[in-house]
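Peer 1: Dropping a structure here in structure tokens format, bear with me for questions.
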Amino acid sequence: MTTLVMFSGGLDSTAMLVKLLAESAEELRVHHIRMANRENRAEAEQAAAERIVAWCRSRYRPFRYSQSALDFGELEAIPIDYLCVAFVACQVAIDTPACDRIAVAALARDTDIENRSARQRRVFDALYECYRARKLGAPRIEWIYPVYHAAKRELAAALPGELLEMTWSCRRPVRAAAGFRPCGACKACLAREEI
Ligand SMILES: [Zn+2]
């Protein structure tokens, strides 16, 4: 059986990926969503995700990796991330033979996480049911939260330093001479300062 790992390239999902690679032998399919919206963070996240995947493949073990894109760049509103993740996770789960688990890097300390996770699974279930009506997908899918009880500081401490440097958290990157630099002011940047 295969676990689908939803991977953003941030600290939490990188720590989750390393945990699954190092502490289990299960087959993994890692998937990154290039989430384009007014925050303009898709490019910086994608670059981080690709560097991290290459590093993890060479240091741990091989795994399947893929990307897809949602482009809301011309919208004024910023769509809710967890809904985008639910939508994409369903398509990718169907695309993954024998996929019976979905791993997401939700943390107990994230704002309103229980409600958000429940809504995310409800959206996923409604979509998945449509595929099951076509006799596609495994009969049951379990959602797992491998780093749920960890504090950010613990996650950072558990990562090899080189890998921690590769992770990307900032929601509103600033274009710099070479690539991007974090804005230093968004919620994700502030959370990261605490590490
Ligand atoms: Zn920032």
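Every chain in the structure tokens takes a letter, A first, then B, and so on in the order presented; its residues are numbered from 1, and the ligands are numbered from 1 following the presented order.
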Give me the chain A side of the contact with ligand 1, cut-off 8 Å, one line per residue showing its nearest atom pair and distance in Å at one decimal, counting only C-alpha atoms and all ligand atoms, sorted by chain and residue number, as a Markdown table.

Peer 2:
| residue | atom | partner | partner_atom_place_in_ligand_line | distance |
| --- | --- | --- | --- | --- |
| A:Ser169 | CA | ligand 1 | 1 (Zn) | 7.0 |
| A:Cys170 | CA | ligand 1 | 1 (Zn) | 3.6 |
| A:Arg171 | CA | ligand 1 | 1 (Zn) | 5.0 |
| A:Arg172 | CA | ligand 1 | 1 (Zn) | 5.1 |
| A:Pro173 | CA | ligand 1 | 1 (Zn) | 6.0 |
| A:Pro182 | CA | ligand 1 | 1 (Zn) | 4.9 |
| A:Cys183 | CA | ligand 1 | 1 (Zn) | 3.9 |
| A:Gly184 | CA | ligand 1 | 1 (Zn) | 4.7 |
| A:Ala185 | CA | ligand 1 | 1 (Zn) | 5.1 |
| A:Cys186 | CA | ligand 1 | 1 (Zn) | 4.1 |
| A:Lys187 | CA | ligand 1 | 1 (Zn) | 6.7 |
| A:Ala188 | CA | ligand 1 | 1 (Zn) | 5.8 |
| A:Cys189 | CA | ligand 1 | 1 (Zn) | 4.3 |
| A:Leu190 | CA | ligand 1 | 1 (Zn) | 7.5 |

Peer 1: Store the residues picked out above, limited to N, CA and C atoms, as a PDB file, in the first residue's frame.

Peer 2:
ATOM      1  N   SER A 169       9.095  29.061   4.268  1.00  0.00           N
ATOM      2  CA  SER A 169       7.874  29.300   5.034  1.00  0.00           C
ATOM      3  C   SER A 169       7.129  30.560   4.618  1.00  0.00           C
ATOM      4  N   CYS A 170       7.845  31.581   4.172  1.00  0.00           N
ATOM      5  CA  CYS A 170       7.249  32.906   3.962  1.00  0.00           C
ATOM      6  C   CYS A 170       6.083  32.888   2.973  1.00  0.00           C
ATOM      7  N   ARG A 171       5.011  33.598   3.347  1.00  0.00           N
ATOM      8  CA  ARG A 171       3.824  33.664   2.494  1.00  0.00           C
ATOM      9  C   ARG A 171       3.940  34.755   1.438  1.00  0.00           C
ATOM     10  N   ARG A 172       4.777  35.741   1.687  1.00  0.00           N
ATOM     11  CA  ARG A 172       4.862  36.865   0.741  1.00  0.00           C
ATOM     12  C   ARG A 172       6.324  37.168   0.400  1.00  0.00           C
ATOM     13  N   PRO A 173       6.962  36.247  -0.340  1.00  0.00           N
ATOM     14  CA  PRO A 173       8.392  36.401  -0.639  1.00  0.00           C
ATOM     15  C   PRO A 173       8.688  37.693  -1.413  1.00  0.00           C
ATOM     16  N   PRO A 182      12.727  35.910   2.375  1.00  0.00           N
ATOM     17  CA  PRO A 182      11.497  35.984   3.173  1.00  0.00           C
ATOM     18  C   PRO A 182      11.166  37.435   3.532  1.00  0.00           C
ATOM     19  N   CYS A 183       9.880  37.763   3.660  1.00  0.00           N
ATOM     20  CA  CYS A 183       9.464  39.145   3.950  1.00  0.00           C
ATOM     21  C   CYS A 183       9.782  39.545   5.390  1.00  0.00           C
ATOM     22  N   GLY A 184       9.830  38.547   6.282  1.00  0.00           N
ATOM     23  CA  GLY A 184      10.158  38.840   7.683  1.00  0.00           C
ATOM     24  C   GLY A 184       8.973  39.343   8.504  1.00  0.00           C
ATOM     25  N   ALA A 185       7.814  39.519   7.878  1.00  0.00           N
ATOM     26  CA  ALA A 185       6.680  40.135   8.589  1.00  0.00           C
ATOM     27  C   ALA A 185       5.412  39.283   8.588  1.00  0.00           C
ATOM     28  N   CYS A 186       5.291  38.322   7.681  1.00  0.00           N
ATOM     29  CA  CYS A 186       4.050  37.538   7.619  1.00  0.00           C
ATOM     30  C   CYS A 186       3.984  36.565   8.805  1.00  0.00           C
ATOM     31  N   LYS A 187       2.820  35.952   8.990  1.00  0.00           N
ATOM     32  CA  LYS A 187       2.601  35.049  10.114  1.00  0.00           C
ATOM     33  C   LYS A 187       3.625  33.897  10.118  1.00  0.00           C
ATOM     34  N   ALA A 188       3.896  33.372   8.927  1.00  0.00           N
ATOM     35  CA  ALA A 188       4.824  32.244   8.820  1.00  0.00           C
ATOM     36  C   ALA A 188       6.256  32.669   9.166  1.00  0.00           C
ATOM     37  N   CYS A 189       6.627  33.871   8.735  1.00  0.00           N
ATOM     38  CA  CYS A 189       7.968  34.380   9.067  1.00  0.00           C
ATOM     39  C   CYS A 189       8.098  34.585  10.581  1.00  0.00           C
ATOM     40  N   LEU A 190       7.044  35.101  11.196  1.00  0.00           N
ATOM     41  CA  LEU A 190       7.101  35.346  12.644  1.00  0.00           C
ATOM     42  C   LEU A 190       7.184  34.032  13.416  1.00  0.00           C
TER      43      LEU A 190
END

Peer 1: Counting only C-alpha atoms, which residues in segment 75-128 of chain A sit no more than 6 Å from segment 3-14 of chain A? For each one, give the nearest pair of atoms and the distance in Å, sorted by chain then residue number, as a tab-separated table.

Peer 2:
residue	atom	partner	partner_atom	distance
A:Cys99	CA	A:Thr3	CA	5.9
A:Arg101	CA	A:Thr3	CA	4.7
A:Ile102	CA	A:Leu4	CA	4.7
A:Ala103	CA	A:Val5	CA	4.8
A:Val104	CA	A:Met6	CA	5.6
A:Ala105	CA	A:Ser13	CA	5.0

Peer 1: Neighbours of Pro62 of chain A within 12 Å (only C-alpha atoms; same-chain residues fewer than 2 positions away dropped), as a PDB file with N, CA and C atoms, in the first residue's frame?

Peer 2:
ATOM      1  N   LEU A  21      10.200   8.895   5.794  1.00  0.00           N
ATOM      2  CA  LEU A  21      11.301   8.241   5.068  1.00  0.00           C
ATOM      3  C   LEU A  21      12.211   7.481   6.011  1.00  0.00           C
ATOM      4  N   ALA A  22      12.476   8.090   7.179  1.00  0.00           N
ATOM      5  CA  ALA A  22      13.459   7.504   8.095  1.00  0.00           C
ATOM      6  C   ALA A  22      12.863   6.429   8.999  1.00  0.00           C
ATOM      7  N   ALA A  25       9.025   1.969   6.260  1.00  0.00           N
ATOM      8  CA  ALA A  25       9.497   1.401   4.998  1.00  0.00           C
ATOM      9  C   ALA A  25       8.388   1.493   3.960  1.00  0.00           C
ATOM     10  N   GLU A  26       7.317   2.194   4.312  1.00  0.00           N
ATOM     11  CA  GLU A  26       6.169   2.203   3.402  1.00  0.00           C
ATOM     12  C   GLU A  26       6.457   2.979   2.118  1.00  0.00           C
ATOM     13  N   GLU A  27       5.782   2.572   1.086  1.00  0.00           N
ATOM     14  CA  GLU A  27       5.888   3.221  -0.217  1.00  0.00           C
ATOM     15  C   GLU A  27       5.300   4.626  -0.090  1.00  0.00           C
ATOM     16  N   LEU A  28       6.026   5.637  -0.584  1.00  0.00           N
ATOM     17  CA  LEU A  28       5.524   7.010  -0.507  1.00  0.00           C
ATOM     18  C   LEU A  28       5.338   7.600  -1.900  1.00  0.00           C
ATOM     19  N   ARG A  29       4.263   8.359  -2.058  1.00  0.00           N
ATOM     20  CA  ARG A  29       4.152   9.244  -3.203  1.00  0.00           C
ATOM     21  C   ARG A  29       4.058  10.660  -2.663  1.00  0.00           C
ATOM     22  N   VAL A  30       5.046  11.455  -2.996  1.00  0.00           N
ATOM     23  CA  VAL A  30       5.118  12.817  -2.475  1.00  0.00           C
ATOM     24  C   VAL A  30       4.590  13.763  -3.542  1.00  0.00           C
ATOM     25  N   VAL A  53      13.364  17.583  -2.132  1.00  0.00           N
ATOM     26  CA  VAL A  53      13.104  16.245  -2.678  1.00  0.00           C
ATOM     27  C   VAL A  53      14.402  15.618  -3.183  1.00  0.00           C
ATOM     28  N   ALA A  54      15.206  16.385  -3.900  1.00  0.00           N
ATOM     29  CA  ALA A  54      16.475  15.850  -4.424  1.00  0.00           C
ATOM     30  C   ALA A  54      17.372  15.415  -3.266  1.00  0.00           C
ATOM     31  N   TRP A  55      17.425  16.249  -2.233  1.00  0.00           N
ATOM     32  CA  TRP A  55      18.276  15.940  -1.071  1.00  0.00           C
ATOM     33  C   TRP A  55      17.785  14.672  -0.376  1.00  0.00           C
ATOM     34  N   CYS A  56      16.479  14.587  -0.152  1.00  0.00           N
ATOM     35  CA  CYS A  56      15.913  13.431   0.565  1.00  0.00           C
ATOM     36  C   CYS A  56      16.058  12.135  -0.237  1.00  0.00           C
ATOM     37  N   ARG A  57      15.922  12.237  -1.529  1.00  0.00           N
ATOM     38  CA  ARG A  57      16.093  11.036  -2.353  1.00  0.00           C
ATOM     39  C   ARG A  57      17.520  10.511  -2.260  1.00  0.00           C
ATOM     40  N   SER A  58      18.494  11.409  -2.204  1.00  0.00           N
ATOM     41  CA  SER A  58      19.881  10.941  -2.166  1.00  0.00           C
ATOM     42  C   SER A  58      20.282  10.480  -0.759  1.00  0.00           C
ATOM     43  N   ARG A  59      19.651  11.047   0.304  1.00  0.00           N
ATOM     44  CA  ARG A  59      20.083  10.679   1.658  1.00  0.00           C
ATOM     45  C   ARG A  59      19.258   9.567   2.284  1.00  0.00           C
ATOM     46  N   TYR A  60      17.996   9.431   1.903  1.00  0.00           N
ATOM     47  CA  TYR A  60      17.148   8.432   2.552  1.00  0.00           C
ATOM     48  C   TYR A  60      16.872   7.259   1.607  1.00  0.00           C
ATOM     49  N   ARG A  64       8.401   8.267  -5.253  1.00  0.00           N
ATOM     50  CA  ARG A  64       7.796   8.925  -6.403  1.00  0.00           C
ATOM     51  C   ARG A  64       7.442  10.368  -6.030  1.00  0.00           C
ATOM     52  N   TYR A  65       7.734  11.304  -6.924  1.00  0.00           N
ATOM     53  CA  TYR A  65       7.433  12.716  -6.656  1.00  0.00           C
ATOM     54  C   TYR A  65       6.698  13.309  -7.845  1.00  0.00           C
TER      55      TYR A  65
END

Peer 1: For the structure I just gave you, how does DSSP split chain A - specifically, which residues are alpha helix (DSSP H)? Reply as number ranges by chain.

Peer 2: A: 11-23, 42-59, 81-94, 113-132, 152-158, 161-166, 187-193

Peer 1: Kindly give the distance, in Å, that separates atom CA of Thr2 of chain A and atom CA of Ala86 of chain A, rounded to a single decimal.

Peer 2: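 For atom CA of Thr2 of chain A relative to atom CA of Ala86 of chain A, the distance reads 17.5 Å.
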
Peer 1: Tell me, as a PyMOL selection string, which residues lie within 12 Å of Arg119 of chain A, counting only C-alpha atoms; anything in the same chain fewer than 2 positions away does not count.

Peer 2: chain A and resi 80-87+112-117+121-126

Peer 1: Could you work out how far atom CA of Trp143 of chain A lies from atom CA of Thr96 of chain A, giving the answer in Å with one decimal?

Peer 2: 15.1 Å
